[in-house]
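Okay, structure first, notes after.
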Amino acid sequence: MNIKKGDTVEVIAGNHKGLRGEVQRVVRGKYKWGRNKGQHDANHDRVVVAGINLIKKHQRQVSGVQTQTGIIEREAPLHHSNVMVVCPHCDSPTRVGIDRSSGKKVRVCKACDTAIDR
Ligand SMILES: [Zn+2]
């Protein structure tokens, strides 16, 4: 998955199509069954995007922890295939390529060939 925390992404499918937001958290997926159980599974990677995919969560009191309780609104993770990274240079949702010419992996925009990472 070519999405990192802090990226601006645009939702390209589903109820929130067309909306943009900043990635707050990347949720790494895990194999649930079989020999690979518990290992990383890129097919289930998800991202939490600020202000998008809000759900009403019924938060219970947890003993010993100070949390907001009752019905609270928070972001639910979106599947990584439903969002695209927005290139800061050409300001459009784009596919991401990897440039290894400098010895380090640098994410580049497929459309304008400029580095997405600063
Ligand atoms: Zn670009």
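Note on naming: chains are A, B, ... as they come in the structure tokens, residues start from 1 per chain, ligands start from 1 in the order shown.
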
Per residue of chain A within 12 Å of ligand 1, note the shortest atom pair and the distance in Å to one decimal, counting only C-alpha atoms and all ligand atoms, and order the rows by chain and increasing residue number, as JSON lines.
```
{"residue": "A:Val85", "atom": "CA", "partner": "ligand 1", "partner_atom_place_in_ligand_line": "1 (Zn)", "distance": 9.8}
{"residue": "A:Val86", "atom": "CA", "partner": "ligand 1", "partner_atom_place_in_ligand_line": "1 (Zn)", "distance": 7.9}
{"residue": "A:Cys87", "atom": "CA", "partner": "ligand 1", "partner_atom_place_in_ligand_line": "1 (Zn)", "distance": 4.6}
{"residue": "A:Pro88", "atom": "CA", "partner": "ligand 1", "partner_atom_place_in_ligand_line": "1 (Zn)", "distance": 6.7}
{"residue": "A:His89", "atom": "CA", "partner": "ligand 1", "partner_atom_place_in_ligand_line": "1 (Zn)", "distance": 5.0}
{"residue": "A:Cys90", "atom": "CA", "partner": "ligand 1", "partner_atom_place_in_ligand_line": "1 (Zn)", "distance": 4.2}
{"residue": "A:Asp91", "atom": "CA", "partner": "ligand 1", "partner_atom_place_in_ligand_line": "1 (Zn)", "distance": 6.7}
{"residue": "A:Ser92", "atom": "CA", "partner": "ligand 1", "partner_atom_place_in_ligand_line": "1 (Zn)", "distance": 6.9}
{"residue": "A:Pro93", "atom": "CA", "partner": "ligand 1", "partner_atom_place_in_ligand_line": "1 (Zn)", "distance": 8.2}
{"residue": "A:Thr94", "atom": "CA", "partner": "ligand 1", "partner_atom_place_in_ligand_line": "1 (Zn)", "distance": 6.8}
{"residue": "A:Arg95", "atom": "CA", "partner": "ligand 1", "partner_atom_place_in_ligand_line": "1 (Zn)", "distance": 8.9}
{"residue": "A:Val96", "atom": "CA", "partner": "ligand 1", "partner_atom_place_in_ligand_line": "1 (Zn)", "distance": 9.1}
{"residue": "A:Gly97", "atom": "CA", "partner": "ligand 1", "partner_atom_place_in_ligand_line": "1 (Zn)", "distance": 10.8}
{"residue": "A:Arg107", "atom": "CA", "partner": "ligand 1", "partner_atom_place_in_ligand_line": "1 (Zn)", "distance": 10.8}
{"residue": "A:Val108", "atom": "CA", "partner": "ligand 1", "partner_atom_place_in_ligand_line": "1 (Zn)", "distance": 7.7}
{"residue": "A:Cys109", "atom": "CA", "partner": "ligand 1", "partner_atom_place_in_ligand_line": "1 (Zn)", "distance": 4.6}
{"residue": "A:Lys110", "atom": "CA", "partner": "ligand 1", "partner_atom_place_in_ligand_line": "1 (Zn)", "distance": 6.7}
{"residue": "A:Ala111", "atom": "CA", "partner": "ligand 1", "partner_atom_place_in_ligand_line": "1 (Zn)", "distance": 5.1}
{"residue": "A:Cys112", "atom": "CA", "partner": "ligand 1", "partner_atom_place_in_ligand_line": "1 (Zn)", "distance": 4.2}
{"residue": "A:Asp113", "atom": "CA", "partner": "ligand 1", "partner_atom_place_in_ligand_line": "1 (Zn)", "distance": 6.3}
{"residue": "A:Thr114", "atom": "CA", "partner": "ligand 1", "partner_atom_place_in_ligand_line": "1 (Zn)", "distance": 6.1}
{"residue": "A:Ala115", "atom": "CA", "partner": "ligand 1", "partner_atom_place_in_ligand_line": "1 (Zn)", "distance": 8.1}
{"residue": "A:Ile116", "atom": "CA", "partner": "ligand 1", "partner_atom_place_in_ligand_line": "1 (Zn)", "distance": 7.8}
{"residue": "A:Asp117", "atom": "CA", "partner": "ligand 1", "partner_atom_place_in_ligand_line": "1 (Zn)", "distance": 11.6}
```

For the residues selected in the previous step, produce a file with N, CA and C atoms as a compact mmCIF listing (two decimals), in the first residue's frame.
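Resulting contents of result-v7.txt:
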```txt
# COMPACT_ATOMS: atom_id res chain seq x y z
N VAL A 85 -4.07 8.66 -3.34
CA VAL A 85 -3.22 9.73 -2.83
C VAL A 85 -3.38 10.95 -3.75
N VAL A 86 -3.53 12.13 -3.14
CA VAL A 86 -3.59 13.36 -3.91
C VAL A 86 -2.18 13.93 -4.02
N CYS A 87 -1.74 14.11 -5.26
CA CYS A 87 -0.40 14.65 -5.49
C CYS A 87 -0.36 16.13 -5.09
N PRO A 88 0.61 16.52 -4.24
CA PRO A 88 0.68 17.92 -3.82
C PRO A 88 1.09 18.85 -4.96
N HIS A 89 1.69 18.28 -6.00
CA HIS A 89 2.18 19.10 -7.11
C HIS A 89 1.08 19.39 -8.12
N CYS A 90 0.39 18.34 -8.60
CA CYS A 90 -0.64 18.56 -9.62
C CYS A 90 -2.06 18.54 -9.04
N ASP A 91 -2.17 18.40 -7.71
CA ASP A 91 -3.44 18.53 -7.00
C ASP A 91 -4.56 17.65 -7.55
N SER A 92 -4.22 16.42 -7.96
CA SER A 92 -5.26 15.51 -8.39
C SER A 92 -4.97 14.11 -7.85
N PRO A 93 -6.02 13.30 -7.68
CA PRO A 93 -5.79 11.95 -7.20
C PRO A 93 -4.96 11.17 -8.22
N THR A 94 -3.93 10.48 -7.76
CA THR A 94 -3.00 9.89 -8.70
C THR A 94 -2.55 8.50 -8.23
N ARG A 95 -2.05 7.75 -9.22
CA ARG A 95 -1.39 6.50 -8.86
C ARG A 95 0.03 6.82 -8.42
N VAL A 96 0.59 5.94 -7.61
CA VAL A 96 1.89 6.22 -7.02
C VAL A 96 2.92 5.22 -7.54
N GLY A 97 4.04 5.74 -8.00
CA GLY A 97 5.14 4.89 -8.42
C GLY A 97 6.27 4.99 -7.41
N ARG A 107 8.42 7.91 -3.22
CA ARG A 107 7.14 7.80 -3.92
C ARG A 107 7.00 8.94 -4.92
N VAL A 108 6.66 8.61 -6.14
CA VAL A 108 6.48 9.64 -7.15
C VAL A 108 5.08 9.56 -7.74
N CYS A 109 4.60 10.71 -8.19
CA CYS A 109 3.32 10.80 -8.87
C CYS A 109 3.46 10.25 -10.28
N LYS A 110 2.56 9.35 -10.68
CA LYS A 110 2.64 8.75 -12.01
C LYS A 110 2.30 9.76 -13.10
N ALA A 111 1.54 10.79 -12.73
CA ALA A 111 1.09 11.76 -13.73
C ALA A 111 2.17 12.79 -14.04
N CYS A 112 2.81 13.36 -13.00
CA CYS A 112 3.75 14.46 -13.25
C CYS A 112 5.18 14.11 -12.85
N ASP A 113 5.42 12.89 -12.34
CA ASP A 113 6.78 12.42 -12.04
C ASP A 113 7.52 13.22 -10.97
N THR A 114 6.81 13.94 -10.12
CA THR A 114 7.50 14.59 -9.01
C THR A 114 7.32 13.79 -7.72
N ALA A 115 8.26 13.92 -6.82
CA ALA A 115 8.22 13.17 -5.57
C ALA A 115 7.08 13.65 -4.70
N ILE A 116 6.37 12.68 -4.10
CA ILE A 116 5.29 13.02 -3.19
C ILE A 116 5.84 13.26 -1.79
N ASP A 117 6.86 12.47 -1.41
CA ASP A 117 7.49 12.67 -0.10
C ASP A 117 8.45 13.84 -0.17
```

- Might you pull out every residue within 10 Å of Ile72 of chain A, with only C-alpha atoms counted and same-chain residues fewer than 2 positions away left off, and present them as a VMD selection string? chain A and resid 54 to 59 68 to 70 74

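Counting only C-alpha atoms and comparing A:Val47, A:Val106, A:Val65, A:Val27, the residue that lies closest to His80 of chain A is A:Val47.
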
- Item | atom CA of Met1 of chain A to atom CA of Gly21 of chain A, straight-line distance in Å | 17.4 Å

- If you count only C-alpha atoms, which residues fall within 9 Å of Pro77 of chain A, apart from same-chain ones fewer than 2 positions away, as a ChimeraX atom specification? /A:25-27,46-49,52-53,75,79-80

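Put simply, atom CA of Gln39 of chain A is 26.2 Å away from atom CA of Val9 of chain A.
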
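When only C-alpha atoms are used to compute distances to Ala76 of chain A, the closest of the residues A:Gln61, A:Lys37, A:Gly6, A:Val23 turns out to be A:Val23.
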
- Quick one, how far is atom CA of Asn82 of chain A from atom CA of Lys32 of chain A? 21.4 Å

- Would you return as a PyMOL selection string the members of chain A that DSSP assigns to strand (DSSP E or B) on this structure's backbone? chain A and resi 8-11+20-27+30+40+46-49+54-59+70-75+78-79+83-86+93-94+96-99+106-109+115

Tell me, as an mmCIF file with N, CA and C atoms, in the first residue's frame, which residues lie within 6 Å of segment 11-13 of chain A, counting only C-alpha atoms; anything in the same chain fewer than 3 positions away does not count.
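And here is the file that came out, around_33.cif:
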```cif
data_model
loop_
_atom_site.group_PDB
_atom_site.id
_atom_site.type_symbol
_atom_site.label_atom_id
_atom_site.label_comp_id
_atom_site.auth_asym_id
_atom_site.auth_seq_id
_atom_site.Cartn_x
_atom_site.Cartn_y
_atom_site.Cartn_z
ATOM 1 N N LYS A 17 -17.515 9.425 -1.951
ATOM 2 C CA LYS A 17 -16.760 9.657 -3.174
ATOM 3 C C LYS A 17 -16.528 11.145 -3.426
ATOM 4 N N GLY A 18 -15.294 11.503 -3.744
ATOM 5 C CA GLY A 18 -14.977 12.889 -4.070
ATOM 6 C C GLY A 18 -14.474 13.711 -2.898
ATOM 7 N N LEU A 19 -14.646 13.191 -1.679
ATOM 8 C CA LEU A 19 -14.197 13.943 -0.512
ATOM 9 C C LEU A 19 -12.700 13.732 -0.275
ATOM 10 N N ASN A 82 -10.219 2.163 -1.954
ATOM 11 C CA ASN A 82 -11.267 3.150 -2.191
ATOM 12 C C ASN A 82 -10.768 4.578 -2.084
ATOM 13 N N VAL A 83 -9.482 4.726 -1.786
ATOM 14 C CA VAL A 83 -8.908 6.069 -1.731
ATOM 15 C C VAL A 83 -7.673 6.143 -2.630
#
```

- Message: When DSSP is applied to the backbone of this structure, which of segment 12-105 of chain A are assigned helix (DSSP H, G or I)? Write them out as a count of residues only.
- Response: 6

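Nearest to His44 of chain A of all the residues A:Gly103, A:Gly14, A:Gly64, A:Gly29 is A:Gly29, based on only C-alpha atoms.
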